[in-house]
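Source file: query.txt; contents: compact mmCIF, C-alpha atoms and all ligand atoms.
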```
# COMPACT_ATOMS: atom_id res chain seq x y z
CA MET A 1 0.00 0.00 0.00
CA TYR A 2 3.02 2.28 0.30
CA VAL A 3 4.66 3.70 -2.82
CA PRO A 4 7.55 1.41 -3.85
CA ASP A 5 10.24 4.11 -3.54
CA LEU A 6 9.01 5.52 -0.20
CA PHE A 7 12.46 5.11 1.38
CA ALA A 8 14.65 5.46 -1.73
CA GLY A 9 17.93 7.15 -0.77
CA LYS A 10 17.32 6.53 2.94
CA THR A 11 19.42 4.37 5.24
CA ALA A 12 18.12 2.48 8.25
CA LEU A 13 19.49 0.57 11.23
CA VAL A 14 17.31 -2.20 12.68
CA THR A 15 18.65 -3.61 15.95
CA GLY A 16 17.78 -7.26 16.49
CA GLY A 17 17.20 -7.47 12.74
CA ARG A 18 18.37 -11.07 12.46
CA SER A 19 15.01 -12.60 13.47
CA GLY A 20 11.27 -12.20 13.88
CA ILE A 21 9.88 -8.69 14.01
CA GLY A 22 13.24 -7.01 13.36
CA TYR A 23 13.80 -9.14 10.27
CA GLY A 24 10.31 -8.29 9.02
CA ILE A 25 10.93 -4.56 9.54
CA ALA A 26 14.30 -4.74 7.75
CA GLU A 27 12.70 -6.62 4.84
CA ALA A 28 9.85 -4.11 4.56
CA LEU A 29 12.26 -1.14 4.56
CA LEU A 30 14.44 -2.79 1.91
CA LYS A 31 11.43 -3.50 -0.30
CA LEU A 32 10.56 0.22 -0.19
CA GLY A 33 14.04 1.25 -1.30
CA ALA A 34 16.02 1.81 1.92
CA ARG A 35 19.55 0.57 2.48
CA VAL A 36 19.58 -1.32 5.74
CA CYS A 37 22.06 -2.29 8.47
CA ILE A 38 21.06 -4.99 10.95
CA CYS A 39 22.76 -5.98 14.19
CA ALA A 40 22.34 -8.68 16.86
CA ARG A 41 24.61 -10.60 19.23
CA LYS A 42 24.86 -13.96 17.46
CA PRO A 43 27.16 -13.66 14.42
CA GLU A 44 26.14 -16.74 12.42
CA PRO A 45 22.35 -16.22 12.31
CA LEU A 46 23.01 -12.50 11.78
CA ALA A 47 25.14 -13.18 8.69
CA ALA A 48 22.54 -15.63 7.36
CA ALA A 49 19.78 -13.07 7.81
CA ALA A 50 21.79 -10.35 6.05
CA ALA A 51 22.46 -12.71 3.13
CA ALA A 52 18.73 -13.53 2.85
CA LEU A 53 17.73 -9.85 3.11
CA ALA A 54 20.27 -8.84 0.45
CA LYS A 55 17.96 -10.24 -2.25
CA HIS A 56 15.74 -7.20 -1.63
CA GLY A 57 18.53 -4.58 -1.73
CA THR A 58 21.63 -3.37 0.10
CA CYS A 59 21.88 -4.96 3.55
CA VAL A 60 24.95 -4.96 5.80
CA ALA A 61 25.32 -6.53 9.23
CA ARG A 62 27.58 -6.32 12.24
CA PRO A 63 27.43 -8.26 15.52
CA CYS A 64 26.72 -5.85 18.35
CA ASP A 65 25.45 -6.16 21.91
CA ILE A 66 23.43 -2.98 22.39
CA ARG A 67 24.28 -3.08 26.12
CA ASN A 68 27.92 -2.29 25.26
CA SER A 69 28.32 1.32 24.11
CA GLU A 70 31.78 0.62 22.62
CA GLU A 71 30.21 -2.01 20.35
CA VAL A 72 27.49 0.49 19.41
CA GLU A 73 30.17 3.08 18.50
CA ALA A 74 31.81 0.45 16.27
CA LEU A 75 28.42 -0.16 14.65
CA ALA A 76 28.16 3.58 13.94
CA ASP A 77 31.64 3.41 12.34
CA LEU A 78 30.40 0.68 9.99
CA ILE A 79 27.32 2.70 9.03
CA GLN A 80 29.52 5.75 8.39
CA THR A 81 31.84 3.72 6.17
CA GLU A 82 29.14 1.85 4.29
CA PHE A 83 26.44 4.53 3.94
CA GLY A 84 27.90 7.87 5.12
CA ARG A 85 24.62 8.71 6.87
CA LEU A 86 21.70 7.27 8.84
CA ASP A 87 18.07 8.34 8.43
CA ILE A 88 16.04 5.79 10.40
CA LEU A 89 16.81 3.91 13.62
CA VAL A 90 14.48 1.09 14.68
CA ASN A 91 15.27 0.04 18.26
CA ASN A 92 13.81 -3.46 18.06
CA ALA A 93 16.37 -5.58 19.93
CA GLY A 94 15.01 -6.77 23.24
CA GLY A 95 13.47 -9.53 25.23
CA GLN A 96 12.76 -10.97 28.65
CA PHE A 97 11.68 -14.15 30.39
CA PRO A 98 8.52 -14.90 32.37
CA GLY A 99 8.64 -14.97 36.17
CA LEU A 100 7.03 -13.63 39.32
CA ALA A 101 8.57 -10.36 40.55
CA ARG A 102 9.51 -11.77 43.94
CA GLN A 103 11.54 -14.51 42.22
CA LEU A 104 13.56 -12.20 39.98
CA THR A 105 17.26 -12.15 40.93
CA ASP A 106 19.40 -9.02 40.66
CA LYS A 107 21.14 -10.57 37.68
CA GLY A 108 17.90 -11.43 35.88
CA TRP A 109 16.38 -8.01 36.55
CA ASN A 110 19.53 -6.24 35.39
CA ALA A 111 19.80 -8.37 32.23
CA VAL A 112 16.34 -7.25 31.15
CA ILE A 113 16.74 -3.59 32.17
CA ASN A 114 20.16 -3.39 30.50
CA THR A 115 18.87 -4.91 27.29
CA ASN A 116 15.59 -3.08 26.87
CA LEU A 117 16.14 0.29 28.54
CA ASN A 118 19.89 0.96 28.71
CA GLY A 119 20.67 -0.62 25.33
CA THR A 120 17.92 1.36 23.62
CA PHE A 121 19.25 4.57 25.16
CA TYR A 122 22.87 3.88 24.16
CA VAL A 123 21.93 3.21 20.53
CA SER A 124 19.65 6.27 20.37
CA ARG A 125 22.23 8.63 21.90
CA ILE A 126 25.11 7.37 19.80
CA MET A 127 23.22 7.38 16.48
CA ALA A 128 21.84 10.85 17.23
CA GLU A 129 25.30 12.24 18.05
CA ARG A 130 26.97 10.56 15.07
CA PHE A 131 24.26 11.11 12.44
CA PHE A 132 20.92 12.69 13.24
CA ILE A 133 22.07 15.85 14.99
CA PRO A 134 24.90 16.70 12.52
CA GLN A 135 22.50 15.94 9.63
CA GLN A 136 19.72 17.97 11.29
CA GLU A 137 17.38 15.11 10.35
CA GLY A 138 16.51 11.69 11.70
CA ASN A 139 13.82 9.29 12.76
CA ILE A 140 13.64 6.82 15.64
CA VAL A 141 11.02 4.11 16.19
CA ASN A 142 11.23 2.13 19.42
CA ILE A 143 9.61 -1.30 19.59
CA ILE A 144 8.28 -1.69 23.12
CA VAL A 145 5.44 -3.88 24.35
CA ASN A 146 1.86 -3.36 25.51
CA MET A 147 2.38 -2.61 29.22
CA LEU A 148 -0.19 0.18 29.65
CA ARG A 149 -1.86 -1.63 32.58
CA GLY A 150 1.42 -3.05 33.92
CA PHE A 151 2.97 -6.39 33.02
CA PRO A 152 2.43 -8.81 35.92
CA GLY A 153 4.50 -11.94 35.25
CA MET A 154 7.12 -9.87 33.40
CA ALA A 155 7.58 -6.89 35.74
CA HIS A 156 11.16 -6.30 34.61
CA THR A 157 10.20 -5.78 30.98
CA GLY A 158 7.12 -3.74 31.94
CA ALA A 159 9.37 -1.35 33.87
CA ALA A 160 12.01 -1.23 31.13
CA ARG A 161 9.49 -0.61 28.33
CA ALA A 162 7.67 2.03 30.36
CA GLY A 163 11.09 3.67 30.66
CA VAL A 164 11.51 3.54 26.89
CA GLU A 165 8.04 4.97 26.36
CA ASN A 166 8.89 7.91 28.61
CA LEU A 167 12.32 8.25 26.95
CA THR A 168 10.46 8.48 23.65
CA LYS A 169 8.60 11.54 24.96
CA SER A 170 11.76 13.19 26.35
CA LEU A 171 13.93 12.61 23.29
CA ALA A 172 11.15 13.70 20.93
CA GLN A 173 10.99 17.06 22.70
CA GLU A 174 14.76 17.53 23.18
CA TRP A 175 15.58 16.61 19.60
CA ALA A 176 12.70 18.32 17.77
CA ARG A 177 15.05 21.27 17.20
CA TYR A 178 17.27 18.93 15.16
CA HIS A 179 14.28 17.68 13.13
CA VAL A 180 14.46 14.26 14.75
CA ARG A 181 11.15 12.48 15.35
CA VAL A 182 10.93 9.76 18.01
CA ASN A 183 7.96 7.39 18.39
CA SER A 184 7.19 3.95 19.82
CA VAL A 185 5.24 0.95 18.58
CA ALA A 186 3.73 -1.24 21.30
CA PRO A 187 2.92 -4.73 19.99
CA GLY A 188 0.62 -7.12 21.79
CA THR A 189 1.24 -10.82 21.23
CA ILE A 190 2.80 -11.29 17.80
CA ILE A 191 3.39 -14.60 16.01
CA SER A 192 7.16 -14.50 15.59
CA SER A 193 10.40 -16.30 16.48
CA GLY A 194 10.28 -14.51 19.84
CA LEU A 195 7.24 -16.49 20.96
CA GLU A 196 9.04 -19.75 20.15
CA THR A 197 11.45 -18.98 23.01
CA TYR A 198 8.63 -19.66 25.48
CA ALA A 199 8.09 -23.23 26.72
CA GLU A 200 5.05 -24.80 28.40
CA PRO A 201 3.04 -23.73 30.36
CA VAL A 202 3.45 -20.28 28.78
CA LYS A 203 2.69 -21.75 25.34
CA ALA A 204 -0.75 -22.88 26.51
CA LEU A 205 -1.32 -19.46 28.00
CA LEU A 206 -0.62 -17.89 24.61
CA ASP A 207 -3.59 -19.80 23.15
CA ARG A 208 -5.77 -18.58 26.01
CA MET A 209 -4.63 -15.00 25.34
CA LYS A 210 -5.67 -15.41 21.71
CA GLN A 211 -9.20 -16.32 22.82
CA ASP A 212 -9.24 -13.31 25.17
CA ASN A 213 -8.28 -10.90 22.40
CA LEU A 214 -11.24 -8.93 21.02
CA MET A 215 -10.10 -9.78 17.48
CA GLN A 216 -9.67 -13.43 18.54
CA ARG A 217 -6.12 -13.69 17.22
CA HIS A 218 -2.47 -12.77 17.70
CA GLY A 219 -0.85 -10.11 15.53
CA THR A 220 1.57 -10.62 12.65
CA VAL A 221 5.10 -9.39 12.02
CA GLU A 222 3.79 -7.55 8.95
CA GLU A 223 1.27 -5.63 11.06
CA VAL A 224 4.07 -4.40 13.34
CA ALA A 225 6.31 -3.58 10.36
CA ASN A 226 3.50 -1.57 8.71
CA ALA A 227 3.19 0.61 11.81
CA VAL A 228 6.96 1.21 11.79
CA LEU A 229 6.89 2.13 8.09
CA PHE A 230 4.18 4.70 8.76
CA LEU A 231 6.00 6.33 11.70
CA ALA A 232 9.35 6.32 9.87
CA SER A 233 7.85 7.89 6.74
CA PRO A 234 6.86 11.47 5.88
CA LEU A 235 3.23 10.30 6.25
CA ALA A 236 3.83 10.80 9.98
CA SER A 237 5.71 14.10 9.64
CA TYR A 238 3.68 15.85 12.40
CA THR A 239 3.76 12.88 14.80
CA SER A 240 6.44 12.60 17.47
CA GLY A 241 6.66 11.50 21.09
CA THR A 242 3.76 9.11 20.75
CA THR A 243 3.05 5.37 21.01
CA LEU A 244 1.09 3.36 18.47
CA TYR A 245 -0.44 0.12 19.81
CA VAL A 246 -0.48 -2.87 17.47
CA ASP A 247 -2.24 -5.24 19.83
CA GLY A 248 -5.86 -5.81 18.79
CA MET A 249 -6.84 -3.66 21.80
CA ASP A 250 -5.11 -5.79 24.45
CA HIS A 251 -4.08 -2.53 26.15
CA LEU A 252 -7.77 -1.79 26.73
CA HIS A 253 -9.15 -5.22 27.46
CA GLY A 254 -8.28 -8.62 28.93
CA ASN A 255 -6.98 -10.23 32.08
CA ARG A 256 -3.40 -9.09 32.75
CA MET A 257 -3.05 -11.52 35.66
CA ARG A 258 -3.23 -14.77 33.69
CA MET A 259 0.55 -15.31 33.73
CA VAL A 260 0.76 -14.70 37.47
CA ASP A 261 -2.15 -17.12 38.08
CA MET A 262 -0.33 -19.68 35.94
CA PHE A 263 2.83 -19.42 38.07
CA ARG A 264 0.83 -19.65 41.30
CA LYS A 265 -0.82 -22.96 40.29
C1 LIG B 301 2.24 -15.45 28.12
C2 LIG B 301 3.41 -15.02 27.30
C3 LIG B 301 3.56 -13.57 27.29
C4 LIG B 301 3.33 -12.98 25.96
C5 LIG B 301 4.32 -11.93 25.81
C6 LIG B 301 4.08 -11.13 24.64
C7 LIG B 301 4.91 -9.92 24.73
C8 LIG B 301 6.35 -10.10 24.52
C9 LIG B 301 6.88 -11.00 23.68
C10 LIG B 301 8.30 -10.96 23.38
O1 LIG B 301 9.03 -10.07 23.72
S1 LIG B 301 8.86 -12.21 22.41
C11 LIG B 301 10.61 -11.88 22.30
C12 LIG B 301 11.27 -12.74 23.18
N1 LIG B 301 12.65 -12.83 22.81
C13 LIG B 301 13.48 -12.84 23.75
O2 LIG B 301 13.13 -12.65 24.89
C14 LIG B 301 14.87 -13.11 23.30
C15 LIG B 301 15.86 -12.27 23.97
N2 LIG B 301 15.94 -12.58 25.39
C16 LIG B 301 17.10 -12.67 25.98
O3 LIG B 301 18.13 -12.55 25.34
C17 LIG B 301 17.10 -12.92 27.48
O4 LIG B 301 15.83 -13.28 27.93
C18 LIG B 301 17.58 -11.69 28.28
C19 LIG B 301 17.47 -12.00 29.75
C20 LIG B 301 16.70 -10.50 27.94
C21 LIG B 301 19.01 -11.35 27.98
O5 LIG B 301 19.81 -12.45 28.01
P1 LIG B 301 21.34 -12.45 28.58
O6 LIG B 301 22.10 -13.18 27.53
O7 LIG B 301 21.87 -11.22 29.05
O8 LIG B 301 21.09 -13.13 29.86
P2 LIG B 301 21.33 -14.57 30.31
O9 LIG B 301 22.80 -14.75 30.53
O10 LIG B 301 20.64 -15.52 29.41
O11 LIG B 301 20.59 -14.49 31.70
C22 LIG B 301 20.95 -13.53 32.69
C23 LIG B 301 20.12 -13.83 33.92
O12 LIG B 301 18.75 -13.60 33.62
C24 LIG B 301 17.98 -14.63 34.31
N3 LIG B 301 17.28 -15.43 33.30
C25 LIG B 301 17.49 -15.47 31.99
N4 LIG B 301 16.64 -16.29 31.37
C26 LIG B 301 15.82 -16.78 32.34
C27 LIG B 301 14.70 -17.67 32.33
N5 LIG B 301 14.23 -18.20 31.20
N6 LIG B 301 14.12 -17.93 33.51
C28 LIG B 301 14.56 -17.39 34.66
N7 LIG B 301 15.63 -16.53 34.73
C29 LIG B 301 16.22 -16.25 33.59
C30 LIG B 301 18.96 -15.47 35.09
O13 LIG B 301 19.11 -14.89 36.37
C31 LIG B 301 20.23 -15.28 34.31
O14 LIG B 301 21.39 -15.47 35.05
P3 LIG B 301 21.95 -16.95 35.30
O15 LIG B 301 21.03 -17.57 36.29
O16 LIG B 301 21.92 -17.66 33.98
O17 LIG B 301 23.34 -16.77 35.82
N1 LIG B 302 6.76 -11.39 19.58
C1 LIG B 302 5.98 -10.70 20.39
O1 LIG B 302 4.85 -11.13 20.73
C2 LIG B 302 6.41 -9.36 20.89
C3 LIG B 302 7.69 -8.89 20.78
N2 LIG B 302 8.03 -7.66 21.29
C4 LIG B 302 9.37 -7.14 21.18
O2 LIG B 302 9.71 -7.01 19.81
C5 LIG B 302 11.12 -7.19 19.65
C6 LIG B 302 11.39 -8.31 18.67
O3 LIG B 302 10.78 -9.50 19.15
P1 LIG B 302 10.74 -10.87 18.33
O4 LIG B 302 11.20 -10.66 16.95
O5 LIG B 302 9.43 -11.47 18.56
O6 LIG B 302 11.79 -11.72 19.17
P2 LIG B 302 13.23 -12.31 18.82
O7 LIG B 302 13.68 -12.99 20.06
O8 LIG B 302 13.16 -13.09 17.56
O9 LIG B 302 14.08 -11.01 18.53
C7 LIG B 302 14.93 -10.39 19.44
C8 LIG B 302 16.10 -9.89 18.63
O10 LIG B 302 16.87 -9.01 19.44
C9 LIG B 302 18.21 -9.41 19.39
N3 LIG B 302 18.83 -9.05 20.66
C10 LIG B 302 18.44 -9.43 21.89
N4 LIG B 302 19.24 -8.90 22.82
C11 LIG B 302 20.15 -8.15 22.16
C12 LIG B 302 21.24 -7.36 22.56
N5 LIG B 302 21.60 -7.23 23.85
N6 LIG B 302 21.98 -6.72 21.61
C13 LIG B 302 21.64 -6.83 20.30
N7 LIG B 302 20.62 -7.58 19.86
C14 LIG B 302 19.89 -8.24 20.77
C15 LIG B 302 18.19 -10.91 19.12
O11 LIG B 302 19.36 -11.39 18.48
P3 LIG B 302 20.59 -12.03 19.31
O12 LIG B 302 20.00 -13.05 20.22
O13 LIG B 302 21.48 -12.59 18.25
O14 LIG B 302 21.22 -10.90 20.03
C16 LIG B 302 17.01 -11.02 18.20
O15 LIG B 302 17.38 -10.80 16.86
C17 LIG B 302 11.66 -7.47 21.05
O16 LIG B 302 12.07 -6.27 21.65
C18 LIG B 302 10.45 -8.04 21.74
O17 LIG B 302 10.54 -8.00 23.12
C19 LIG B 302 7.11 -6.87 21.92
C20 LIG B 302 5.83 -7.29 22.05
C21 LIG B 302 5.37 -8.56 21.55
```
Show how you would write the structure in this file as structure tokens.
Ligand SMILES: CCCCCCC/C=C/C(=O)SCCNC(=O)CCNC(=O)[C@H](O)C(C)(C)COP(=O)(O)OP(=O)(O)OC[C@H]1O[C@@H](n2cnc3c(N)ncnc32)[C@H](O)[C@@H]1OP(=O)(O)O
Ligand SMILES: NC(=O)C1=CN([C@@H]2O[C@H](COP(=O)(O)OP(=O)(O)OC[C@H]3O[C@@H](n4cnc5c(N)ncnc54)[C@H](OP(=O)(O)O)[C@@H]3O)[C@@H](O)[C@H]2O)C=CC1
Amino acid sequence: MYVPDLFAGKTALVTGGRSGIGYGIAEALLKLGARVCICARKPEPLAAAAAALAKHGTCVARPCDIRNSEEVEALADLIQTEFGRLDILVNNAGGQFPGLARQLTDKGWNAVINTNLNGTFYVSRIMAERFFIPQQEGNIVNIIVNMLRGFPGMAHTGAARAGVENLTKSLAQEWARYHVRVNSVAPGTIISSGLETYAEPVKALLDRMKQDNLMQRHGTVEEVANAVLFLASPLASYTSGTTLYVDGMDHLHGNRMRMVDMFRK
């Protein structure tokens, strides 16, 4: 539905672009003419993803742990060398594990906060300093999660993503003077490689959550990617500091305590 050259001449970085939602976003940007860089921690699947994506256009990849700002600087060096500029940053890398709050260890809590909140901030700050602010132009889309009514059963990620949502509002205001827009997309439950990381009994719970959803289904990678394309494009030129839910209304409706009840049984 978008014009085929919507992102012609633009360059994009998609963190966590080796799999699932990130891969789908990278593919969609490439198909609309962007040149794309993807990063993730695991080198082999990252290289395989870049090779597969390259059939749609120019795609480069570099292993990078977004929690390590030196690795993020090295990623910016690669983008400078390969593309000479960056127009769009999609902060998609992230994840968590299910568990009751009282059972979360310091290490587990910190792993999730460092990945989802600190990593997202490091990449945003470094790419803004290296590209967006000198260029006086840029666009950031943060992939968060539906946590509007809290995230019992995944309190660490709820807190981290709420932090990113608030960061979205702060950065959007601070960087408006540099013509940088910053928005978030909050997916509900999306059929992707990410869900495959969950074992029973969470898997069974996912089916129950599908029945609870007012549209009676989970979302697709393409539906998340389409929201990102909109926010990253000039179609959203007067939209910044906001969050777009792609969740079939799960933020408005449904039992948020199902995961906690599952752990209690
Ligand atoms: C009913 C289902 C809910 C629907 C949810 C829908 C919304 C959200 C969906 C998604 O986001 S799907 C995407 C999911 N993808 C991922 O989560 C993949 C990425 N995840 C990770 O890489 C890890 O989970 C991580 C913790 C975020 C980062 O990993 P890192 O490599 O830094 O940490 P580890 O060394 O693996 O672990 C550190 C520490 O964390 C604790 N921990 C990790 N995994 C678990 C687990 N499965 N259960 C309990 N605790 C865990 C643990 O303390 C680890 O330390 P050690 O004990 O290993 O020393
Ligand atoms: N699927 C769903 O239902 C939902 C997903 N989300 C969020 O959307 C995003 C993508 O999820 P999805 O595609 O489903 O899951 P995946 O697990 O497939 O994707 C996560 C990606 O992030 C990368 N990644 C994780 N940690 C780091 C890190 N420290 N540094 C760099 N890259 C990292 C992973 O690669 P590697 O392991 O090689 O580092 C992987 O490519 C995540 O933030 C997820 O939490 C939000 C709501 C719902």
**Request:** Find the residues near Cys39 (chain A): any atom within 8 Å, counting all atoms listed in the file, skip ones fewer than 5 places away on the same chain, and give them as a list in words.
**Result:**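 That gives Leu13, Val14, Thr15, Gly16, Gly17, Arg18, Leu46, Ala61, Arg62, Pro63 and Cys64 of chain A.
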**Request:** Select the residues contacting ligand LIG 302 (chain B) at a distance of at most 8 Å, based on all atoms listed in the file, then format the selection as a PyMOL selection string.
**Result:** chain A and resi 15-23+39-43+45-46+63-67+91-96+114-116+119+143-146+186-195+197+219+221
Axis-aligned box for region 150-156 of chain A, 4 Å per side, centre and edges in Å as lines of an AutoDock Vina configuration file:
```
center_x = 6.3
center_y = -7.5
center_z = 34.5
size_x = 17.7
size_y = 16.9
size_z = 10.9
```
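If you look at atom C22 of ligand LIG 301 (chain B) and CA of Ala111 (chain A), they are 5.3 Å away from each other.
Note that CA of Leu75 (chain A) and CA of Lys10 (chain A) are 17.5 Å apart.
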**Request:** Work out how far CA of Asn166 (chain A) is from CA of Gly153 (chain A), in Å to one decimal.
**Result:**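 Computed distance, CA of Gly153 (chain A) to CA of Asn166 (chain A), equals 21.4 Å.
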Please complete region 88-114 of chain A so it has N, CA and C atoms, and hand it over as a JSON list (two decimals), in the frame of the given file.
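Result file is rebuild-v2.json:
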```json
[["chain", "number", "residue", "atom", "x", "y", "z"],
["A", 88, "ILE", "N", 17.07, 6.44, 9.58],
["A", 88, "ILE", "CA", 16.04, 5.79, 10.40],
["A", 88, "ILE", "C", 16.71, 4.79, 11.35],
["A", 89, "LEU", "N", 16.36, 4.89, 12.62],
["A", 89, "LEU", "CA", 16.81, 3.91, 13.62],
["A", 89, "LEU", "C", 15.58, 3.20, 14.17],
["A", 90, "VAL", "N", 15.55, 1.87, 14.06],
["A", 90, "VAL", "CA", 14.48, 1.09, 14.68],
["A", 90, "VAL", "C", 15.10, 0.30, 15.84],
["A", 91, "ASN", "N", 14.79, 0.74, 17.06],
["A", 91, "ASN", "CA", 15.27, 0.04, 18.26],
["A", 91, "ASN", "C", 14.33, -1.12, 18.55],
["A", 92, "ASN", "N", 14.67, -2.26, 17.95],
["A", 92, "ASN", "CA", 13.81, -3.46, 18.06],
["A", 92, "ASN", "C", 14.40, -4.51, 18.99],
["A", 93, "ALA", "N", 15.73, -4.53, 19.12],
["A", 93, "ALA", "CA", 16.37, -5.58, 19.93],
["A", 93, "ALA", "C", 15.83, -5.56, 21.35],
["A", 94, "GLY", "N", 15.51, -6.73, 21.87],
["A", 94, "GLY", "CA", 15.01, -6.77, 23.24],
["A", 94, "GLY", "C", 14.48, -8.14, 23.58],
["A", 95, "GLY", "N", 14.03, -8.27, 24.79],
["A", 95, "GLY", "CA", 13.47, -9.53, 25.23],
["A", 95, "GLY", "C", 13.46, -9.65, 26.74],
["A", 96, "GLN", "N", 12.95, -10.75, 27.21],
["A", 96, "GLN", "CA", 12.76, -10.97, 28.65],
["A", 96, "GLN", "C", 12.39, -12.43, 28.85],
["A", 97, "PHE", "N", 12.14, -12.80, 30.08],
["A", 97, "PHE", "CA", 11.68, -14.15, 30.39],
["A", 97, "PHE", "C", 10.55, -14.02, 31.41],
["A", 98, "PRO", "N", 9.63, -14.99, 31.42],
["A", 98, "PRO", "CA", 8.52, -14.90, 32.37],
["A", 98, "PRO", "C", 8.96, -15.25, 33.79],
["A", 99, "GLY", "N", 8.33, -14.65, 34.77],
["A", 99, "GLY", "CA", 8.64, -14.97, 36.17],
["A", 99, "GLY", "C", 7.93, -14.01, 37.12],
["A", 100, "LEU", "N", 7.64, -14.50, 38.31],
["A", 100, "LEU", "CA", 7.03, -13.63, 39.32],
["A", 100, "LEU", "C", 8.07, -12.63, 39.83],
["A", 101, "ALA", "N", 7.65, -11.42, 40.13],
["A", 101, "ALA", "CA", 8.57, -10.36, 40.55],
["A", 101, "ALA", "C", 9.41, -10.78, 41.75],
["A", 102, "ARG", "N", 8.77, -11.44, 42.72],
["A", 102, "ARG", "CA", 9.51, -11.77, 43.94],
["A", 102, "ARG", "C", 10.57, -12.84, 43.70],
["A", 103, "GLN", "N", 10.53, -13.50, 42.53],
["A", 103, "GLN", "CA", 11.54, -14.51, 42.22],
["A", 103, "GLN", "C", 12.65, -13.98, 41.31],
["A", 104, "LEU", "N", 12.54, -12.73, 40.89],
["A", 104, "LEU", "CA", 13.56, -12.20, 39.98],
["A", 104, "LEU", "C", 14.84, -11.91, 40.76],
["A", 105, "THR", "N", 15.97, -12.44, 40.29],
["A", 105, "THR", "CA", 17.26, -12.15, 40.93],
["A", 105, "THR", "C", 17.77, -10.80, 40.43],
["A", 106, "ASP", "N", 18.77, -10.27, 41.12],
["A", 106, "ASP", "CA", 19.40, -9.02, 40.66],
["A", 106, "ASP", "C", 19.91, -9.19, 39.23],
["A", 107, "LYS", "N", 20.54, -10.34, 39.00],
["A", 107, "LYS", "CA", 21.14, -10.57, 37.68],
["A", 107, "LYS", "C", 20.07, -10.63, 36.57],
["A", 108, "GLY", "N", 18.97, -11.32, 36.87],
["A", 108, "GLY", "CA", 17.90, -11.43, 35.88],
["A", 108, "GLY", "C", 17.24, -10.08, 35.61],
["A", 109, "TRP", "N", 16.95, -9.35, 36.69],
["A", 109, "TRP", "CA", 16.38, -8.01, 36.55],
["A", 109, "TRP", "C", 17.30, -7.12, 35.71],
["A", 110, "ASN", "N", 18.59, -7.12, 36.09],
["A", 110, "ASN", "CA", 19.53, -6.24, 35.39],
["A", 110, "ASN", "C", 19.70, -6.63, 33.93],
["A", 111, "ALA", "N", 19.66, -7.94, 33.63],
["A", 111, "ALA", "CA", 19.80, -8.37, 32.23],
["A", 111, "ALA", "C", 18.69, -7.77, 31.38],
["A", 112, "VAL", "N", 17.49, -7.75, 31.92],
["A", 112, "VAL", "CA", 16.34, -7.25, 31.15],
["A", 112, "VAL", "C", 16.36, -5.71, 31.08],
["A", 113, "ILE", "N", 16.67, -5.06, 32.19],
["A", 113, "ILE", "CA", 16.74, -3.59, 32.17],
["A", 113, "ILE", "C", 17.88, -3.13, 31.25],
["A", 114, "ASN", "N", 19.03, -3.79, 31.34],
["A", 114, "ASN", "CA", 20.16, -3.39, 30.50],
["A", 114, "ASN", "C", 19.86, -3.57, 29.03]]
```
